[in-house]
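Q: Got query15.csv for you, CSV, C-alpha atoms and all ligand atoms:
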chain,number,residue,atom,x,y,z
A,1419,MET,CA,123.0,106.7,113.4
A,1420,THR,CA,124.5,109.8,111.7
A,1421,ARG,CA,125.9,109.8,108.2
A,1422,GLN,CA,127.6,112.5,106.3
A,1423,ALA,CA,127.6,113.0,102.5
A,1424,GLU,CA,129.6,115.6,100.7
A,1425,CYS,CA,130.4,116.9,97.3
A,1426,SER,CA,133.7,116.3,95.5
A,1427,CYS,CA,135.4,119.4,96.9
A,1428,GLY,CA,133.9,119.1,100.3
A,1429,ALA,CA,132.2,122.6,100.4
A,1430,VAL,CA,128.7,121.1,100.5
A,1431,LYS,CA,127.8,118.6,103.2
A,1432,ALA,CA,124.6,116.7,104.0
A,1433,VAL,CA,124.3,115.2,107.5
A,1434,VAL,CA,121.5,112.7,107.9
A,1435,GLU,CA,120.1,111.3,111.1
A,1436,GLY,CA,118.5,107.8,111.5
A,1437,GLU,CA,117.8,105.2,108.9
A,1438,PRO,CA,116.7,106.0,105.3
A,1439,VAL,CA,113.0,105.4,104.6
A,1440,ARG,CA,113.6,104.3,101.0
A,1441,VAL,CA,116.7,103.1,99.1
A,1442,SER,CA,116.5,102.7,95.4
A,1443,VAL,CA,118.3,102.7,92.1
A,1444,CYS,CA,116.9,104.3,89.0
A,1445,HIS,CA,117.9,103.5,85.4
A,1446,CYS,CA,115.9,106.2,83.7
A,1447,ARG,CA,117.6,108.4,81.1
A,1448,ASN,CA,117.2,111.5,83.2
A,1449,CYS,CA,119.1,109.9,86.1
A,1450,GLN,CA,121.8,108.7,83.8
A,1451,ARG,CA,122.4,112.2,82.6
A,1452,ARG,CA,122.1,113.8,86.1
A,1453,SER,CA,124.5,111.3,87.7
A,1454,GLY,CA,126.8,110.9,84.8
A,1455,SER,CA,126.7,107.2,85.5
A,1456,SER,CA,124.9,104.3,84.0
A,1457,PHE,CA,122.3,104.3,86.8
A,1458,ALA,CA,121.6,106.3,89.9
A,1459,ALA,CA,121.5,105.1,93.5
A,1460,GLN,CA,119.8,107.2,96.2
A,1461,ALA,CA,118.6,107.0,99.8
A,1462,ARG,CA,115.7,109.1,101.1
A,1463,TRP,CA,115.2,110.6,104.6
A,1464,PRO,CA,112.4,112.8,106.0
A,1465,GLU,CA,113.5,116.4,105.5
A,1466,ASP,CA,113.8,117.2,109.2
A,1467,GLN,CA,116.5,114.5,109.4
A,1468,VAL,CA,118.7,116.1,106.8
A,1469,THR,CA,121.0,119.1,107.4
A,1470,LEU,CA,122.4,120.6,104.2
A,1471,THR,CA,125.3,123.0,104.7
A,1472,GLY,CA,127.4,125.0,102.2
A,1473,GLU,CA,126.3,127.0,99.2
A,1474,THR,CA,124.2,125.1,96.7
A,1475,ARG,CA,122.6,126.0,93.4
A,1476,ALA,CA,119.3,124.4,92.4
A,1477,TRP,CA,117.9,123.3,89.1
A,1478,THR,CA,114.3,122.1,88.6
A,1479,ARG,CA,113.2,119.7,85.9
A,1480,VAL,CA,109.7,118.8,84.9
A,1481,ASN,CA,109.6,115.0,84.6
A,1482,ASP,CA,107.7,113.0,82.0
A,1483,ASP,CA,104.9,112.5,84.5
A,1484,GLY,CA,104.5,116.3,84.9
A,1485,GLY,CA,106.0,116.3,88.4
A,1486,ARG,CA,108.9,118.5,89.3
A,1487,ALA,CA,112.3,117.4,90.5
A,1488,THR,CA,114.7,119.9,92.1
A,1489,PHE,CA,118.4,119.1,92.3
A,1490,PHE,CA,120.9,120.8,94.6
A,1491,PHE,CA,124.5,120.8,93.6
A,1492,CYS,CA,127.8,122.4,94.5
A,1493,PRO,CA,128.5,125.5,92.3
A,1494,THR,CA,132.2,124.8,92.5
A,1495,CYS,CA,132.6,121.1,91.7
A,1496,GLY,CA,129.2,120.3,90.3
A,1497,SER,CA,128.4,117.3,92.5
A,1498,GLY,CA,124.7,116.8,93.2
A,1499,VAL,CA,124.3,116.3,96.9
A,1500,ALA,CA,120.5,116.2,97.3
A,1501,TYR,CA,117.2,116.4,95.4
A,1502,THR,CA,113.5,116.5,96.0
A,1503,LEU,CA,110.6,115.2,94.1
A,1504,GLU,CA,107.1,116.7,94.1
A,1505,ALA,CA,105.8,113.1,94.0
A,1506,MET,CA,107.5,112.4,97.4
A,1507,PRO,CA,106.8,115.4,99.5
A,1508,GLY,CA,108.7,115.8,102.8
A,1509,LEU,CA,111.5,113.5,101.7
A,1510,ILE,CA,115.0,114.4,100.6
A,1511,ALA,CA,117.0,112.1,98.4
A,1512,ILE,CA,120.8,111.9,98.8
A,1513,PRO,CA,122.8,110.2,96.1
A,1514,ILE,CA,124.4,107.2,97.8
A,1515,GLY,CA,127.8,107.9,96.1
A,1516,THR,CA,128.2,111.1,98.0
A,1517,PHE,CA,128.7,109.1,101.2
A,1518,ALA,CA,131.6,107.4,99.5
A,1519,ASP,CA,131.1,104.5,101.9
A,1520,PRO,CA,131.3,101.0,100.5
A,1521,GLU,CA,129.6,99.7,103.7
A,1522,PHE,CA,126.5,101.8,103.2
A,1523,ALA,CA,123.5,99.8,104.2
A,1524,PRO,CA,120.8,98.9,103.5
A,1525,GLY,CA,121.2,98.3,99.8
A,1526,PRO,CA,118.4,99.1,97.4
A,1527,GLU,CA,114.9,97.7,97.8
A,1528,TYR,CA,113.6,99.2,94.6
A,1529,SER,CA,115.1,99.1,91.1
A,1530,VAL,CA,113.1,101.3,88.7
A,1531,TYR,CA,113.0,102.0,85.0
A,1532,GLU,CA,114.7,98.7,84.3
A,1533,SER,CA,113.5,99.1,80.7
A,1534,ARG,CA,116.3,101.7,80.4
A,1535,LYS,CA,118.9,99.6,82.2
A,1536,HIS,CA,122.3,99.1,80.6
A,1537,ARG,CA,122.6,95.5,79.6
A,1538,TRP,CA,125.6,94.8,81.7
A,1539,VAL,CA,124.0,96.1,84.9
A,1540,GLU,CA,122.4,93.6,87.4
A,1541,ILE,CA,120.9,94.7,90.7
A,1542,THR,CA,121.0,91.7,92.9
A,1543,GLY,CA,119.5,90.6,96.2
A,1544,ASP,CA,116.3,88.7,97.3
A,1545,THR,CA,114.7,91.8,98.7
A,1546,VAL,CA,114.9,94.0,95.6
A,1547,ASP,CA,111.6,94.8,93.8
A,1548,HIS,CA,112.1,95.3,90.1
A,1549,TYR,CA,110.0,97.7,87.9
A,1550,ASP,CA,110.2,98.4,84.2
A,1601,ZN,ZN,131.9,120.9,95.8
A,1602,ZN,ZN,115.5,108.2,87.3
The structure given in the file should be rewritten as structure tokens.
Ligand SMILES: [Zn+2]
Ligand SMILES: [Zn+2]

A:
Amino acid sequence: MTRQAECSCGAVKAVVEGEPVRVSVCHCRNCQRRSGSSFAAQARWPEDQVTLTGETRAWTRVNDDGGRATFFFCPTCGSGVAYTLEAMPGLIAIPIGTFADPEFAPGPEYSVYESRKHRWVEITGDTVDHYD
């Protein structure tokens, strides 16, 4: 299966092949700021199954655990279309919202940093593992 993600203005696209190896949501404060939303949802693929096109800018942050995260975003509209974590080498995360597909599946298997979760948010499903 091939899926295509893109930024708000359409200049940056990410085409992904095959099924994601990890789908998760994160409620940490960094992800809240990065995404501009109350939590972030992302799917990860091996880097050789992701083709990123269009000009991007990159920004690297050092996380609380000391590992680096690098975010790739469109310089025109600012949408983040991909990011990588040192802690997960070889994988590229694509924010699920950039697919703009309500039928995107599978849903998240991991919900992390729930200690930072907004009180009105509930991640449902029998197969979701919850972490504080
Ligand atoms: Zn854009
Ligand atoms: Zn996070």

Q: Would you mind listing what lies within 6 Å of Ala1432 in chain A as an mmCIF file with C-alpha atoms, in the frame of the given file, with only C-alpha atoms counted and same-chain residues fewer than 3 positions away left out?

A:
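Wrote part20.cif, looks like this:
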data_model
loop_
_atom_site.group_PDB
_atom_site.id
_atom_site.type_symbol
_atom_site.label_atom_id
_atom_site.label_comp_id
_atom_site.auth_asym_id
_atom_site.auth_seq_id
_atom_site.Cartn_x
_atom_site.Cartn_y
_atom_site.Cartn_z
ATOM 1 C CA GLN A 1422 127.600 112.500 106.300
ATOM 2 C CA ALA A 1423 127.600 113.000 102.500
ATOM 3 C CA THR A 1469 121.000 119.100 107.400
ATOM 4 C CA LEU A 1470 122.400 120.600 104.200
#

Q: Counting all atoms listed in the file, which protein, DNA or RNA residues come within 12 Å of ligand ZN 1602 (chain A), given as a ChimeraX atom specification?

A: /A:1442-1460,1479,1481-1483,1487,1501,1503,1511,1513,1528-1535,1549-1550

Q: Can those selected residues be exported to a file as a CSV table (one decimal), in the coordinates of the input so that it contains C-alpha atoms?

A:
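File selection_31.csv, as written:
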chain,number,residue,atom,x,y,z
A,1442,SER,CA,116.5,102.7,95.4
A,1443,VAL,CA,118.3,102.7,92.1
A,1444,CYS,CA,116.9,104.3,89.0
A,1445,HIS,CA,117.9,103.5,85.4
A,1446,CYS,CA,115.9,106.2,83.7
A,1447,ARG,CA,117.6,108.4,81.1
A,1448,ASN,CA,117.2,111.5,83.2
A,1449,CYS,CA,119.1,109.9,86.1
A,1450,GLN,CA,121.8,108.7,83.8
A,1451,ARG,CA,122.4,112.2,82.6
A,1452,ARG,CA,122.1,113.8,86.1
A,1453,SER,CA,124.5,111.3,87.7
A,1454,GLY,CA,126.8,110.9,84.8
A,1455,SER,CA,126.7,107.2,85.5
A,1456,SER,CA,124.9,104.3,84.0
A,1457,PHE,CA,122.3,104.3,86.8
A,1458,ALA,CA,121.6,106.3,89.9
A,1459,ALA,CA,121.5,105.1,93.5
A,1460,GLN,CA,119.8,107.2,96.2
A,1479,ARG,CA,113.2,119.7,85.9
A,1481,ASN,CA,109.6,115.0,84.6
A,1482,ASP,CA,107.7,113.0,82.0
A,1483,ASP,CA,104.9,112.5,84.5
A,1487,ALA,CA,112.3,117.4,90.5
A,1501,TYR,CA,117.2,116.4,95.4
A,1503,LEU,CA,110.6,115.2,94.1
A,1511,ALA,CA,117.0,112.1,98.4
A,1513,PRO,CA,122.8,110.2,96.1
A,1528,TYR,CA,113.6,99.2,94.6
A,1529,SER,CA,115.1,99.1,91.1
A,1530,VAL,CA,113.1,101.3,88.7
A,1531,TYR,CA,113.0,102.0,85.0
A,1532,GLU,CA,114.7,98.7,84.3
A,1533,SER,CA,113.5,99.1,80.7
A,1534,ARG,CA,116.3,101.7,80.4
A,1535,LYS,CA,118.9,99.6,82.2
A,1549,TYR,CA,110.0,97.7,87.9
A,1550,ASP,CA,110.2,98.4,84.2

Q: May I have the residues within 8 Å of ligand ZN 1601 (chain A), computed using only C-alpha atoms and all ligand atoms, as a list in words?

A: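 Checking only C-alpha atoms and all ligand atoms against ligand ZN 1601 (chain A) at 8 Å gives Glu1424, Cys1425, Ser1426, Cys1427, Gly1428, Ala1429, Val1430, Phe1491, Cys1492, Pro1493, Thr1494, Cys1495, Gly1496 and Ser1497 of chain A.
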
Q: Could you tell me how far CA of Gly1472 in chain A sits from CA of Met1419 in chain A, in Å to one decimal place?

A: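 If I compute the distance from CA of Met1419 in chain A to CA of Gly1472 in chain A, I get 21.9 Å.
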
Q: What's the 7 Å shell around Glu1435 in chain A, counting all atoms listed in the file, without same-chain residues fewer than 5 positions away, as JSON, numbers by chain?

A: {"A": [1419, 1420, 1421, 1467, 1468]}

Q: May I have the selected residues written with C-alpha atoms, as a PDB file, in the coordinates of the input?

A:
ATOM      1  CA  MET A1419     123.000 106.700 113.400  1.00  0.00           C
ATOM      2  CA  THR A1420     124.500 109.800 111.700  1.00  0.00           C
ATOM      3  CA  ARG A1421     125.900 109.800 108.200  1.00  0.00           C
ATOM      4  CA  GLN A1467     116.500 114.500 109.400  1.00  0.00           C
ATOM      5  CA  VAL A1468     118.700 116.100 106.800  1.00  0.00           C
TER       6      VAL A1468
END

Q: Grab the CA of Lys1431 in chain A to CA of Gly1515 in chain A distance for me, in Å with one decimal place.

A: 12.8 Å

Q: For range 1521-1526 of chain A, list every protein, DNA or RNA residue within 9 Å, evaluated using all atoms listed in the file, and leave out those in the same chain fewer than 4 positions away; present the list as a ChimeraX atom specification.

A: /A:1437-1438,1440-1443,1459-1461,1514,1517,1541,1543,1545-1547

Q: Rounded to one decimal place, report the CA of Ala1505 in chain A-CA of Arg1537 in chain A distance in Å.

A: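 Going from CA of Ala1505 in chain A over to CA of Arg1537 in chain A, I get 28.3 Å.
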
Q: Using all atoms listed in the file, pick whichever of A:Ala1476, A:Trp1463, A:Gly1484, A:Thr1471 has the shortest atom-to-atom distance to Pro1507 in chain A.

A: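 Going through A:Ala1476, A:Trp1463, A:Gly1484, A:Thr1471 one by one, the smallest distance to Pro1507 in chain A is for A:Trp1463.
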
Q: Nearest to Thr1502 in chain A among A:His1536, A:Pro1464, A:Glu1473, A:Asp1519, with distances taken over all atoms listed in the file: which residue is it?

A: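 Nearest to Thr1502 in chain A: A:Pro1464.
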